[in-house]
Amino acid sequence: MKYLSEKITDYIVKSGAVSEESYAIYQYGFQIGLEMLCCFLTCFGIAIYLQMIPQFLLFSSIFILLRTYAGGVHLNSYTGCFICSVGVQTTILLIAHCFTLIMPMAWGIILASTVLILKNSPVENINRKLDVAEKKHCKKITIVILAGIVLYSVGCTAASMNKNVSLVSLTILTILISQYLGMIKYNFEKRRGINRVRLLFPFF
């Protein structure tokens, strides 16, 4: 991905679209974009194979939106991020395909996870520490997203779309677990003074 992003950046710099001084910024941006696209297409291909495209779109929408602002664990390599992202998403889809949580359990997970995610957010990364204003902004957006998820779940419950409510509960629980893993990793790396430059990834 780095090689391809460098080739793309070389081309746009030579074309005069961007300055030489902005090379590193654009190269990094293209690399992140290509890695995100690669992961998304892989997960989408698996969803097609499993015949679970609507479930994939629901999971991805909630996960990406909430994960972006609430935070969670960030691995230190693209390979690790890719494997975890694909593995977690495929596992959740398979569970959703085979099982439907009973509504009291699903709603218990949704409500408990909503409270805890809001309490934890935003989870910081050792390479991207947030100031007070950024934390307030992330918290505000997280509240809006969580409110939307709860309202969507209420609508699905009223429409007897229990499978959707079950999938929402599994997705939001996954984000909560990611938050706690992120907090553990952040505290561990902070104590050890680790400050690596890494590739931020949409899922892990």
# chains A, B, ... in the order shown; residues from 1 in each chain; ligands from 1
>>> closest_atom_pairs(of="stretch 121-142 of chain A", to="stretch 177-183 of chain A", cutoff="9 Å", atoms="only C-alpha atoms", output="CSV")
residue,atom,partner,partner_atom,distance
A:Ser121,CA,A:Gln179,CA,8.0
A:Pro122,CA,A:Gln179,CA,8.6
A:Val123,CA,A:Gln179,CA,6.3
A:Glu124,CA,A:Met183,CA,7.4
A:Asn125,CA,A:Gly182,CA,7.6
>>> residues_around(residues="A:Gly148", least_positions_apart="4", cutoff="12 Å", atoms="only C-alpha atoms", output="PyMOL selection string")
chain A and resi 61-62+65-66+114+141-144+152-155+168
>>> closest_residue(among="A:Asp10, A:Thr68, A:Gly16, A:Cys43", to="A:Phe30", atoms="only C-alpha atoms")
A:Asp10
>>> closest_residue(among="A:Ser22, A:Thr174, A:Ser85, A:Gln27", to="A:Ser113", atoms="only C-alpha atoms")
A:Thr174
>>> residues_around(residues="A:Asn164", least_positions_apart="2", cutoff="9 Å", atoms="only C-alpha atoms", output="PyMOL selection string")
chain A and resi 55+58+96+100+153+156-157+161-162+166-169
>>> atom_distance(atom1="atom CA of A:Lys2", atom2="atom CA of A:Gln31")
5.8 Å
>>> closest_residue(among="A:Leu146, A:Ala158, A:Ile25, A:Leu75", to="A:Leu116", atoms="only C-alpha atoms")
A:Leu146
>>> select_by_dssp(residues="stretch 54-198 of chain A", states="helix (DSSP H, G or I)", output="number ranges by chain")
A: 54-70, 78-98, 103-120, 132-158, 162-192
